[in-house]
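Listing of structure-v4.txt, compact mmCIF, C-alpha atoms
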# COMPACT_ATOMS: atom_id res chain seq x y z
CA MET A 1 0.00 0.00 0.00
CA ASP A 2 1.20 3.50 -0.81
CA PHE A 3 1.63 5.43 2.43
CA SER A 4 3.00 8.59 0.81
CA PRO A 5 -0.36 10.47 1.03
CA PHE A 6 -0.29 9.89 4.81
CA TYR A 7 3.26 11.21 5.18
CA LEU A 8 2.42 14.21 3.05
CA THR A 9 -0.75 14.93 5.03
CA LEU A 10 1.15 14.62 8.31
CA ARG A 11 3.88 16.95 7.05
CA LEU A 12 1.28 19.47 5.86
CA ALA A 13 -0.63 19.35 9.16
CA LEU A 14 2.56 19.78 11.22
CA PHE A 15 3.80 22.75 9.14
CA THR A 16 0.35 24.35 9.17
CA THR A 17 -0.15 23.93 12.93
CA GLY A 18 3.34 25.27 13.69
CA ILE A 19 2.84 28.36 11.53
CA LEU A 20 -0.66 28.85 12.92
CA PHE A 21 0.67 28.94 16.49
CA LEU A 22 3.14 31.67 15.48
CA ILE A 23 0.40 33.75 13.82
CA GLY A 24 -2.52 32.72 16.05
CA ILE A 25 -1.11 33.64 19.46
CA PRO A 26 -0.41 37.34 18.68
CA LEU A 27 -3.60 37.63 16.62
CA ALA A 28 -5.82 36.07 19.31
CA TYR A 29 -4.12 38.24 21.97
CA TRP A 30 -4.88 41.35 19.94
CA LEU A 31 -8.48 40.29 19.32
CA ALA A 32 -8.96 39.56 23.02
CA PHE A 33 -7.55 42.81 24.39
CA SER A 34 -7.68 45.47 21.70
CA ARG A 35 -10.29 48.18 22.05
CA LEU A 36 -10.07 49.22 18.40
CA ARG A 37 -13.30 48.78 16.50
CA ILE A 38 -11.45 47.45 13.48
CA LYS A 39 -10.92 44.24 15.41
CA TYR A 40 -14.49 43.18 14.58
CA VAL A 41 -13.66 43.46 10.88
CA VAL A 42 -10.50 41.40 11.41
CA GLU A 43 -12.46 38.85 13.44
CA ALA A 44 -15.03 38.49 10.67
CA ILE A 45 -12.28 37.97 8.08
CA VAL A 46 -10.51 35.39 10.26
CA SER A 47 -13.80 33.49 10.70
CA LEU A 48 -14.75 33.50 6.99
CA PRO A 49 -13.37 30.00 6.32
CA LEU A 50 -15.89 28.67 8.87
CA VAL A 51 -18.81 29.60 6.64
CA LEU A 52 -17.38 29.65 3.13
CA PRO A 53 -17.28 26.51 0.99
CA PRO A 54 -13.60 25.50 0.82
CA THR A 55 -13.81 25.61 -2.97
CA VAL A 56 -14.50 29.36 -2.87
CA LEU A 57 -11.35 30.02 -0.88
CA GLY A 58 -9.42 27.58 -3.05
CA PHE A 59 -10.68 29.20 -6.23
CA TYR A 60 -9.55 32.70 -5.23
CA LEU A 61 -6.19 31.46 -3.95
CA LEU A 62 -5.71 29.66 -7.24
CA LEU A 63 -6.44 32.86 -9.15
CA PHE A 64 -4.39 35.05 -6.82
CA PHE A 65 -1.24 32.91 -6.96
CA SER A 66 -1.49 31.87 -10.58
CA PRO A 67 1.72 32.98 -12.41
CA GLU A 68 -0.49 34.66 -15.03
CA ASN A 69 -1.77 37.09 -12.39
CA PRO A 70 0.20 39.99 -10.87
CA MET A 71 0.86 38.49 -7.39
CA GLY A 72 1.71 35.00 -8.62
CA GLY A 73 3.79 36.47 -11.43
CA PHE A 74 5.68 38.70 -9.00
CA LEU A 75 6.51 35.79 -6.65
CA ASP A 76 7.53 33.63 -9.59
CA ARG A 77 9.76 36.25 -11.24
CA TYR A 78 11.51 37.76 -8.22
CA PHE A 79 11.50 34.94 -5.64
CA ASP A 80 11.24 31.88 -7.89
CA LEU A 81 8.28 30.86 -5.71
CA ARG A 82 5.26 29.07 -7.12
CA LEU A 83 2.31 28.64 -4.80
CA VAL A 84 -0.02 26.88 -7.22
CA PHE A 85 0.21 23.06 -7.38
CA THR A 86 3.13 23.04 -4.92
CA PHE A 87 3.58 22.03 -1.27
CA PRO A 88 4.34 25.60 -0.03
CA GLY A 89 1.08 26.71 -1.69
CA LEU A 90 -0.79 23.96 0.15
CA VAL A 91 0.71 25.11 3.44
CA LEU A 92 -0.34 28.71 2.80
CA ALA A 93 -3.87 27.70 1.82
CA SER A 94 -4.15 25.43 4.88
CA VAL A 95 -2.96 28.21 7.18
CA ILE A 96 -5.67 30.55 5.87
CA TYR A 97 -8.32 27.82 5.89
CA SER A 98 -7.58 26.63 9.45
CA LEU A 99 -6.92 30.07 10.93
CA PRO A 100 -10.26 30.31 12.83
CA PHE A 101 -9.70 26.87 14.37
CA MET A 102 -6.51 28.22 15.93
CA VAL A 103 -7.62 31.76 16.74
CA GLN A 104 -11.07 31.12 18.29
CA PRO A 105 -9.95 28.77 21.11
CA LEU A 106 -6.92 30.94 21.85
CA ARG A 107 -9.05 34.06 21.99
CA SER A 108 -11.38 32.34 24.48
CA GLY A 109 -8.34 31.28 26.46
CA PHE A 110 -7.05 34.87 26.66
CA THR A 111 -10.44 36.32 27.63
CA GLY A 112 -10.73 33.63 30.33
CA ILE A 113 -7.62 34.94 32.12
CA PRO A 114 -8.84 36.96 35.15
CA LYS A 115 -8.17 40.67 34.74
CA ALA A 116 -6.85 40.79 38.31
CA TRP A 117 -3.89 38.62 37.26
CA ILE A 118 -2.98 41.06 34.50
CA ASP A 119 -3.36 44.03 36.86
CA THR A 120 -1.18 42.22 39.40
CA THR A 121 1.66 41.58 36.95
CA GLN A 122 1.66 45.27 36.04
CA THR A 123 1.80 46.41 39.65
CA LEU A 124 4.70 43.97 40.10
CA GLY A 125 6.56 45.83 37.36
CA LYS A 126 6.22 43.17 34.66
CA GLY A 127 5.64 44.03 31.02
CA ARG A 128 3.36 42.38 28.47
CA TRP A 129 5.85 39.78 27.29
CA VAL A 130 6.50 38.46 30.81
CA THR A 131 2.75 38.46 31.51
CA LEU A 132 2.07 36.56 28.31
CA SER A 133 4.84 33.98 28.62
CA ARG A 134 4.79 33.33 32.36
CA VAL A 135 1.20 33.95 33.42
CA MET A 136 -1.20 33.81 30.49
CA LEU A 137 0.05 30.97 28.29
CA PRO A 138 0.85 28.57 31.17
CA ASN A 139 -2.68 29.10 32.52
CA MET A 140 -4.44 28.45 29.22
CA LYS A 141 -2.93 25.08 28.36
CA SER A 142 -6.40 23.74 27.63
CA ALA A 143 -7.00 26.44 25.00
CA LEU A 144 -3.54 25.87 23.49
CA LEU A 145 -4.14 22.14 23.26
CA THR A 146 -7.61 22.56 21.76
CA ALA A 147 -6.35 25.11 19.23
CA GLY A 148 -3.43 22.91 18.20
CA VAL A 149 -5.49 19.74 17.85
CA LEU A 150 -8.36 21.41 16.00
CA SER A 151 -5.99 23.08 13.54
CA PHE A 152 -4.08 19.84 13.02
CA ALA A 153 -7.22 17.71 12.60
CA HIS A 154 -8.87 20.27 10.33
CA THR A 155 -5.81 20.31 8.08
CA VAL A 156 -5.75 16.51 7.94
CA GLY A 157 -9.40 16.54 6.82
CA GLU A 158 -8.99 19.19 4.09
CA PHE A 159 -10.22 18.40 0.63
CA GLY A 160 -11.72 21.28 -1.33
CA VAL A 161 -9.02 23.89 -0.78
CA VAL A 162 -6.26 21.35 -1.26
CA LEU A 163 -7.69 20.07 -4.51
CA MET A 164 -8.19 23.56 -5.91
CA VAL A 165 -4.78 24.97 -4.95
CA GLY A 166 -2.67 21.84 -4.99
CA GLY A 167 -4.26 19.57 -7.54
CA ASN A 168 -3.37 15.92 -7.38
CA ILE A 169 0.40 15.49 -7.74
CA PRO A 170 1.85 12.38 -6.04
CA ASP A 171 4.33 13.18 -3.20
CA GLU A 172 3.80 16.90 -3.75
CA THR A 173 0.12 17.70 -3.22
CA ARG A 174 -1.76 14.40 -3.11
CA VAL A 175 -2.87 14.39 0.51
CA ILE A 176 -4.94 11.59 2.00
CA ALA A 177 -8.37 13.12 1.30
CA VAL A 178 -7.45 13.56 -2.36
CA ALA A 179 -5.97 10.04 -2.50
CA ILE A 180 -9.26 8.57 -1.22
CA TYR A 181 -11.18 10.53 -3.84
CA ASN A 182 -8.79 9.22 -6.50
CA GLU A 183 -9.29 5.61 -5.47
CA VAL A 184 -13.08 6.00 -5.51
CA GLU A 185 -12.91 7.59 -8.95
CA ALA A 186 -10.86 4.58 -10.15
CA MET A 187 -13.47 2.24 -8.58
CA ASN A 188 -10.72 0.95 -6.29
CA TYR A 189 -12.98 0.71 -3.23
CA THR A 190 -10.75 -1.62 -1.20
CA GLN A 191 -7.88 0.85 -1.21
CA ALA A 192 -10.26 3.77 -0.52
CA ASN A 193 -11.72 1.80 2.38
CA THR A 194 -8.28 1.08 3.87
CA TYR A 195 -7.24 4.74 3.63
CA SER A 196 -10.55 5.86 5.14
CA LEU A 197 -10.42 3.41 8.05
CA ILE A 198 -6.88 4.48 8.91
CA LEU A 199 -8.00 8.12 8.81
CA ILE A 200 -11.03 7.44 11.04
CA GLY A 201 -8.86 5.54 13.53
CA PHE A 202 -6.21 8.26 13.55
CA SER A 203 -8.74 11.10 13.99
CA PHE A 204 -10.56 9.23 16.77
CA LEU A 205 -7.28 8.61 18.58
CA VAL A 206 -6.21 12.25 18.33
CA LEU A 207 -9.54 13.48 19.72
CA LEU A 208 -9.57 10.85 22.47
CA ILE A 209 -6.07 11.82 23.60
CA THR A 210 -7.05 15.51 23.53
CA TYR A 211 -10.14 15.02 25.68
CA TRP A 212 -8.14 12.87 28.06
CA LEU A 213 -5.33 15.43 28.37
CA ASN A 214 -7.92 18.18 28.77
CA ARG A 215 -9.85 16.42 31.52
CA ASP A 216 -8.57 18.54 34.43
CA LYS A 217 -7.41 21.66 32.63
CA SER A 218 -10.72 23.49 32.87
CA ARG A 219 -10.17 23.62 36.61
CA VAL A 220 -7.15 25.84 36.15
CA LEU A 221 -9.23 28.69 34.81
CA SER A 222 -12.08 28.19 37.24
CA TYR A 223 -9.58 28.27 40.11
CA ASP A 224 -10.28 31.03 42.62
CA MET B 225 4.77 62.38 49.95
CA ILE B 226 1.86 61.82 47.57
CA GLU B 227 0.34 64.96 46.03
CA LEU B 228 -2.87 64.03 44.32
CA ALA B 229 -5.47 66.04 42.40
CA LEU B 230 -7.21 63.80 39.90
CA GLU B 231 -10.38 63.67 37.86
CA LYS B 232 -12.10 60.78 36.15
CA SER B 233 -15.60 60.03 34.88
CA LEU B 234 -16.84 56.73 36.25
CA PHE B 235 -19.86 54.60 35.58
CA GLY B 236 -21.19 53.57 38.98
CA PRO B 237 -24.28 51.65 40.00
CA GLU B 238 -26.29 54.86 39.85
CA GLY B 239 -25.07 55.94 36.42
CA LYS B 240 -22.31 58.33 35.47
CA MET B 241 -20.31 59.89 38.28
CA LYS B 242 -17.46 62.37 38.28
CA LEU B 243 -14.59 61.42 40.53
CA ALA B 244 -12.68 64.54 41.59
CA VAL B 245 -10.31 64.20 44.51
CA SER B 246 -7.37 66.10 45.88
CA CYS B 247 -5.23 65.53 48.95
CA GLN B 248 -1.69 65.25 50.22
CA ILE B 249 -0.49 62.13 51.95
CA GLU B 250 2.71 62.36 53.97
CA LYS B 251 5.42 59.73 53.69
CA GLY B 252 4.86 56.98 56.24
CA GLU B 253 1.15 57.63 56.75
CA LEU B 254 -1.35 54.77 56.88
CA VAL B 255 -4.51 56.23 55.42
CA GLY B 256 -7.88 54.51 55.30
CA ILE B 257 -10.29 55.21 52.45
CA TYR B 258 -13.83 54.61 53.64
CA GLY B 259 -17.21 54.95 52.02
CA PRO B 260 -20.18 53.14 50.53
CA SER B 261 -19.90 50.77 47.57
CA GLY B 262 -19.65 52.57 44.25
CA ALA B 263 -18.30 55.78 45.82
CA GLY B 264 -15.02 55.48 43.87
CA LYS B 265 -12.72 54.13 46.58
CA SER B 266 -11.05 51.43 44.49
CA SER B 267 -10.77 53.81 41.55
CA ILE B 268 -8.45 56.05 43.57
CA LEU B 269 -6.07 53.14 44.06
CA ARG B 270 -6.30 52.26 40.37
CA LEU B 271 -5.55 55.89 39.43
CA ILE B 272 -2.50 55.98 41.72
CA SER B 273 -1.23 52.62 40.45
CA GLY B 274 -1.67 53.67 36.82
CA LEU B 275 -4.12 50.83 36.07
CA MET B 276 -6.71 53.51 35.30
CA LYS B 277 -5.90 56.68 33.39
CA PRO B 278 -7.21 59.96 34.79
CA GLU B 279 -8.85 62.54 32.56
CA GLY B 280 -7.00 65.39 34.16
CA GLY B 281 -4.99 66.55 37.14
CA LEU B 282 -1.69 65.82 38.78
CA LEU B 283 -0.11 62.96 40.71
CA LYS B 284 3.29 63.48 42.28
CA VAL B 285 5.15 61.03 44.48
CA ASP B 286 8.20 62.29 46.39
CA GLY B 287 8.52 65.14 43.92
CA GLU B 288 8.41 62.86 40.84
CA VAL B 289 5.51 63.42 38.45
CA TRP B 290 3.66 60.15 37.83
CA TYR B 291 0.78 61.77 36.01
CA SER B 292 0.18 65.27 34.71
CA ASN B 293 -2.14 66.23 31.91
CA VAL B 294 -0.41 69.63 31.65
CA GLU B 295 3.03 68.07 31.19
CA ALA B 296 1.57 65.09 29.26
CA VAL B 297 3.18 62.61 31.65
CA ASN B 298 1.59 59.27 32.45
CA LEU B 299 4.02 56.77 33.95
CA LYS B 300 3.15 53.15 33.14
CA PRO B 301 2.07 50.99 36.10
CA THR B 302 5.23 48.94 35.60
CA LYS B 303 7.34 52.06 36.23
CA ARG B 304 5.57 53.12 39.42
CA ASN B 305 7.16 51.69 42.52
CA ILE B 306 4.03 50.38 44.19
CA GLY B 307 2.75 47.24 45.82
CA MET B 308 -0.91 46.38 45.45
CA VAL B 309 -3.11 43.76 47.07
CA PHE B 310 -6.57 43.14 45.68
CA GLN B 311 -9.72 41.80 47.30
CA GLU B 312 -9.21 38.54 45.44
CA HIS B 313 -5.64 37.41 46.10
CA SER B 314 -4.78 36.88 42.38
CA LEU B 315 -1.99 34.38 42.96
CA PHE B 316 -0.91 32.65 39.78
CA PRO B 317 -2.08 29.02 39.95
CA ASN B 318 0.67 27.67 37.69
CA MET B 319 3.35 28.78 40.16
CA SER B 320 4.18 27.52 43.64
CA ILE B 321 3.99 29.91 46.59
CA ALA B 322 7.75 30.61 46.38
CA GLU B 323 7.54 31.06 42.59
CA ASN B 324 4.72 33.57 43.01
CA LEU B 325 7.08 35.64 45.15
CA GLU B 326 10.08 35.06 42.87
CA PHE B 327 8.01 36.28 39.93
CA ALA B 328 7.89 39.71 41.58
CA LEU B 329 11.70 40.04 41.90
CA SER B 330 13.21 42.88 39.92
CA LYS B 331 16.09 42.17 37.54
CA GLY B 332 19.24 41.52 39.54
CA GLN B 333 17.46 41.64 42.90
CA PRO B 334 18.92 39.10 45.37
CA PRO B 335 16.36 36.28 45.84
CA GLN B 336 16.98 36.00 49.59
CA ILE B 337 14.07 38.35 50.23
CA VAL B 338 11.66 35.61 49.06
CA GLN B 339 12.65 33.30 51.91
CA ASP B 340 12.71 36.20 54.39
CA LEU B 341 9.19 37.29 53.50
CA LEU B 342 7.84 33.73 53.48
CA GLU B 343 9.23 33.31 56.97
CA ARG B 344 7.74 36.62 58.07
CA VAL B 345 4.24 35.57 57.01
CA GLY B 346 4.71 32.06 58.45
CA LEU B 347 4.45 30.18 55.17
CA LYS B 348 7.99 28.91 54.63
CA LYS B 349 6.90 25.28 55.06
CA LEU B 350 4.33 25.67 52.28
CA ALA B 351 6.77 27.35 49.85
CA SER B 352 6.66 24.51 47.32
CA LYS B 353 2.85 24.12 47.38
CA LYS B 354 0.51 25.50 44.76
CA PRO B 355 -1.92 28.29 45.82
CA SER B 356 -4.94 26.00 45.39
CA VAL B 357 -4.11 24.13 48.60
CA LEU B 358 -4.00 27.28 50.76
CA SER B 359 -6.82 28.79 52.80
CA GLY B 360 -8.16 32.27 51.98
CA GLY B 361 -6.12 33.85 54.76
CA GLN B 362 -2.92 32.10 53.69
CA LYS B 363 -3.46 33.22 50.11
CA GLN B 364 -3.78 36.84 51.20
CA ARG B 365 -0.61 36.52 53.28
CA VAL B 366 1.22 35.34 50.16
CA ALA B 367 -0.30 38.20 48.13
CA LEU B 368 0.83 40.70 50.78
CA ALA B 369 4.34 39.21 50.89
CA ARG B 370 4.49 39.28 47.08
CA ALA B 371 3.53 42.96 47.03
CA MET B 372 6.44 43.64 49.40
CA ILE B 373 9.14 41.93 47.30
CA ARG B 374 10.10 45.04 45.34
CA LYS B 375 10.18 47.15 48.53
CA PRO B 376 7.58 49.60 47.22
CA LYS B 377 7.26 53.22 48.26
CA ILE B 378 3.49 52.97 48.33
CA LEU B 379 1.31 50.05 49.36
CA LEU B 380 -2.21 50.06 47.95
CA LEU B 381 -4.71 47.68 49.54
CA ASP B 382 -8.12 47.21 47.97
CA GLU B 383 -10.30 45.60 50.64
CA PRO B 384 -7.75 42.82 51.05
CA PHE B 385 -9.30 41.32 54.17
CA SER B 386 -12.99 41.59 53.39
CA ALA B 387 -13.42 37.92 52.50
CA LEU B 388 -11.71 36.64 55.65
CA ASP B 389 -13.07 35.65 59.07
CA MET B 390 -12.43 37.91 62.07
CA LYS B 391 -9.52 35.89 63.46
CA MET B 392 -7.67 35.71 60.16
CA ARG B 393 -8.45 39.36 59.49
CA ALA B 394 -6.86 40.42 62.80
CA LYS B 395 -3.74 38.39 62.04
CA LEU B 396 -3.35 39.94 58.60
CA GLN B 397 -3.92 43.42 59.97
CA GLU B 398 -1.06 42.74 62.35
CA TYR B 399 1.25 41.68 59.48
CA LEU B 400 0.26 44.74 57.54
CA VAL B 401 1.06 47.17 60.36
CA GLN B 402 4.41 45.45 60.87
CA PHE B 403 5.31 45.78 57.18
CA HIS B 404 4.08 49.37 57.10
CA ASN B 405 6.31 50.37 60.02
CA GLU B 406 9.41 48.35 59.13
CA TYR B 407 9.53 49.25 55.44
CA GLY B 408 8.63 52.91 56.00
CA LEU B 409 5.68 52.55 53.63
CA THR B 410 3.02 55.00 52.71
CA THR B 411 -0.11 52.85 52.82
CA LEU B 412 -3.60 53.42 51.46
CA LEU B 413 -6.18 50.95 52.71
CA VAL B 414 -9.60 50.83 51.08
CA SER B 415 -12.14 49.29 53.41
CA HIS B 416 -15.76 49.58 54.38
CA ASP B 417 -15.07 48.16 57.79
CA ALA B 418 -15.12 51.11 60.22
CA SER B 419 -13.44 49.17 63.03
CA GLU B 420 -10.61 48.08 60.74
CA ILE B 421 -9.87 51.67 59.75
CA SER B 422 -10.21 52.94 63.32
CA ARG B 423 -7.76 50.33 64.55
CA MET B 424 -5.14 50.68 61.84
CA ALA B 425 -5.23 54.08 60.18
CA GLN B 426 -4.01 57.40 61.50
CA ARG B 427 -6.19 59.20 59.04
CA VAL B 428 -9.34 58.47 57.10
CA LEU B 429 -10.53 59.87 53.79
CA VAL B 430 -14.27 59.38 53.51
CA MET B 431 -15.64 59.14 49.97
CA GLU B 432 -19.12 59.93 48.80
CA ASN B 433 -20.12 60.18 45.15
CA GLY B 434 -16.56 60.50 43.91
CA LYS B 435 -15.52 63.26 46.39
CA PHE B 436 -13.81 63.30 49.75
CA SER B 437 -16.41 64.36 52.31
CA PHE B 438 -14.15 63.99 55.34
CA ASP B 439 -10.40 64.07 55.89
CA GLY B 440 -9.15 63.58 59.42
CA GLU B 441 -8.63 61.22 62.31
CA PRO B 442 -10.85 58.12 62.21
CA ARG B 443 -12.12 58.65 65.76
CA HIS B 444 -13.45 62.07 64.84
CA PHE B 445 -15.46 60.65 61.96
CA PHE B 446 -16.66 57.38 63.44
CA GLN B 447 -17.68 58.94 66.80
CA SER B 448 -19.72 61.62 65.12

In structure tokens, write the structure found in this file.
Amino acid sequence: MDFSPFYLTLRLALFTTGILFLIGIPLAYWLAFSRLRIKYVVEAIVSLPLVLPPTVLGFYLLLFFSPENPMGGFLDRYFDLRLVFTFPGLVLASVIYSLPFMVQPLRSGFTGIPKAWIDTTQTLGKGRWVTLSRVMLPNMKSALLTAGVLSFAHTVGEFGVVLMVGGNIPDETRVIAVAIYNEVEAMNYTQANTYSLILIGFSFLVLLITYWLNRDKSRVLSYD
Amino acid sequence: MIELALEKSLFGPEGKMKLAVSCQIEKGELVGIYGPSGAGKSSILRLISGLMKPEGGLLKVDGEVWYSNVEAVNLKPTKRNIGMVFQEHSLFPNMSIAENLEFALSKGQPPQIVQDLLERVGLKKLASKKPSVLSGGQKQRVALARAMIRKPKILLLDEPFSALDMKMRAKLQEYLVQFHNEYGLTTLLVSHDASEISRMAQRVLVMENGKFSFDGEPRHFFQS
């Protein structure tokens, strides 16, 4: 059996989740604490992938990064970077598509931190970075775990965006969801069934481990 | 010495209220701030600490301007040398008792003071425990010790004992007076417990609707 779609999917999900943590933490922090009205616009944009069909997002990304169009042409000419039908393009599309699954739990985690803790760190002479790294993040492990797992699992389950932006190139863009679709198209139901069962088992295991790890974490925030 | 003349619009239980207060507090004084709920008592502490920004006025501590709308100065809370204890203890649950105190250390400050203060408040044996195992009184003792780590000029106490029973309250009041005298602090204690203020403070500022309605010795106010 060809396991390469699994490896590729795993690699994509790991890259996407890693990048999403880097973007998601500052973005969720800003959304949680900013008083600027523009944050509601940003929040709506971040949440768009929740309601849009993945094909819509995929379609516009395909257009936007196509070498025939200004942005895609610019990246191709000056940076030798192609984001259509390539792995980096898949990562970028996945990051955009899974952004709300990272940002929403983190935002809830930040807003769940008691204001008195933040006031206390300030009166103890500590700046925002120390407050974030030593007080906030360690006390929102549950939100971090949920955000990470949801983003990872959502990326593993992608189909529409991936197919539109990445196509179906073995070892480059053929992730597991696309591979299953391929096998069904070729009437190869046994292979499709094997892939699907592995995916169901894997997803169930990930969620089970998450719920188990999360079992006591909610107490941390309700402490006091 | 604290020279204070500050203004701020507040939204109290009875709608909008203008807080406008001015007074001078001598170095080493222990001043009680007394008044009904919603009179603006806690807001004064938040204005002095920098957690709340005034709309106008002047705040000077030992000749240094901490806030002035004329000079456009507004020192960040992290730059004001204060200690503050809130009604809810706000200990960080991810840190042990000792770590909560160590968190407050300034850069380069010798850590010995952590052990000294833990001993002073009788909690050295519990240094490695997490705050969740402590009683309410023990938590407030830790919060008080933590506020003392940076050897502040001013100690601000926002009804720190109100949730404690009489016995524990008396013990904490004793610790507080000891710290106040030994560290040469200027202390502002917000409380709506007349006996607490009478026992501890040399002076009481009585607040009503955002203004000081009395400034003098507690016995003169509470006997009248």

Sel. within 6 Å of pt (-8.6, 33.4, 6.4), counting only C-alpha atoms, output as a PyMOL selection string: chain A and resi 46+49+96-97+99

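Residues in contact range of Leu413 (chain B), defined as at most 7 Å between only C-alpha atoms, with sequence neighbours fewer than 6 positions away removed, read Val255, Gly256, Ile257, Leu380, Leu381 and Asp382 of chain B.
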
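Our summary of the geometry notes that CA of Ser233 (chain B) is positioned 24.9 Å from CA of Gly307 (chain B).
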
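Across the structure, CA of Arg174 (chain A) and CA of Thr155 (chain A) are spaced 13.3 Å apart.
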
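Contacts from chain A to chain B at a cut-off of 7 Å (all atoms listed in the file) map to A:Ala116, A:Trp117, A:Asp119, A:Gln122, A:Thr123, A:Leu124, A:Gly125, A:Lys126, A:Gly127, A:Val135, A:Pro138, A:Asn139.
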
CA of Ile209 (chain A) to CA of Ser196 (chain A), straight-line distance in Å: 19.9 Å

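Of the listed residues (B:Leu283, B:Leu400, B:Met276, B:Val294), B:Met276 comes nearest to Lys232 (chain B); the distances count all atoms listed in the file.
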
Using only C-alpha atoms, which protein or nucleic acid residues come within 10 Å of Glu227 (chain B)? Drop anything in the same chain fewer than 6 positions from it, and give the result as a PDB file with C-alpha atoms, in the frame of the given file.
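For reference, selection-v3.pdb as written:
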ATOM      1  CA  SER B 246      -7.370  66.100  45.880  1.00  0.00           C
ATOM      2  CA  CYS B 247      -5.230  65.530  48.950  1.00  0.00           C
ATOM      3  CA  GLN B 248      -1.690  65.250  50.220  1.00  0.00           C
ATOM      4  CA  ILE B 249      -0.490  62.130  51.950  1.00  0.00           C
ATOM      5  CA  GLU B 250       2.710  62.360  53.970  1.00  0.00           C
ATOM      6  CA  LEU B 282      -1.690  65.820  38.780  1.00  0.00           C
ATOM      7  CA  LEU B 283      -0.110  62.960  40.710  1.00  0.00           C
ATOM      8  CA  LYS B 284       3.290  63.480  42.280  1.00  0.00           C
ATOM      9  CA  VAL B 285       5.150  61.030  44.480  1.00  0.00           C
ATOM     10  CA  ASP B 286       8.200  62.290  46.390  1.00  0.00           C
ATOM     11  CA  GLY B 287       8.520  65.140  43.920  1.00  0.00           C
ATOM     12  CA  GLU B 288       8.410  62.860  40.840  1.00  0.00           C
ATOM     13  CA  VAL B 289       5.510  63.420  38.450  1.00  0.00           C
TER      14      VAL B 289
END

Of the listed residues A:Met1, A:Ala153, A:Lys141, A:Ala177, that which approaches Phe204 (chain A) most closely, counting only C-alpha atoms: A:Ala153

Residue list as a PyMOL selection string for point (-6.3, 5.9, -7.4), cut-off 12 Å, only C-alpha atoms: chain A and resi 1-2+5+168-170+174+176-193+195

Write out the residues from the selection above, keeping C-alpha atoms, as a short mmCIF file (atom, residue, chain, number, x, y, z; two decimals), in the frame of the given file.
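Wrote result.cif, looks like this:
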data_model
loop_
_atom_site.label_atom_id
_atom_site.label_comp_id
_atom_site.auth_asym_id
_atom_site.auth_seq_id
_atom_site.Cartn_x
_atom_site.Cartn_y
_atom_site.Cartn_z
CA MET A 1 0.00 0.00 0.00
CA ASP A 2 1.20 3.50 -0.81
CA PRO A 5 -0.36 10.47 1.03
CA ASN A 168 -3.37 15.92 -7.38
CA ILE A 169 0.40 15.49 -7.74
CA PRO A 170 1.85 12.38 -6.04
CA ARG A 174 -1.76 14.40 -3.11
CA ILE A 176 -4.94 11.59 2.00
CA ALA A 177 -8.37 13.12 1.30
CA VAL A 178 -7.45 13.56 -2.36
CA ALA A 179 -5.97 10.04 -2.50
CA ILE A 180 -9.26 8.57 -1.22
CA TYR A 181 -11.18 10.53 -3.84
CA ASN A 182 -8.79 9.22 -6.50
CA GLU A 183 -9.29 5.61 -5.47
CA VAL A 184 -13.08 6.00 -5.51
CA GLU A 185 -12.91 7.59 -8.95
CA ALA A 186 -10.86 4.58 -10.15
CA MET A 187 -13.47 2.24 -8.58
CA ASN A 188 -10.72 0.95 -6.29
CA TYR A 189 -12.98 0.71 -3.23
CA THR A 190 -10.75 -1.62 -1.20
CA GLN A 191 -7.88 0.85 -1.21
CA ALA A 192 -10.26 3.77 -0.52
CA ASN A 193 -11.72 1.80 2.38
CA TYR A 195 -7.24 4.74 3.63
#

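The protein and nucleic acid residues lying at most 10 Å from Leu396 (chain B) are Val345, Gly361, Gln362, Gln364, Arg365, Leu368, Pro384, Phe385, Leu388, Met390, Lys391, Val401 and Gln402 of chain B, with all atoms listed in the file considered and sequence neighbours fewer than 5 positions away removed.
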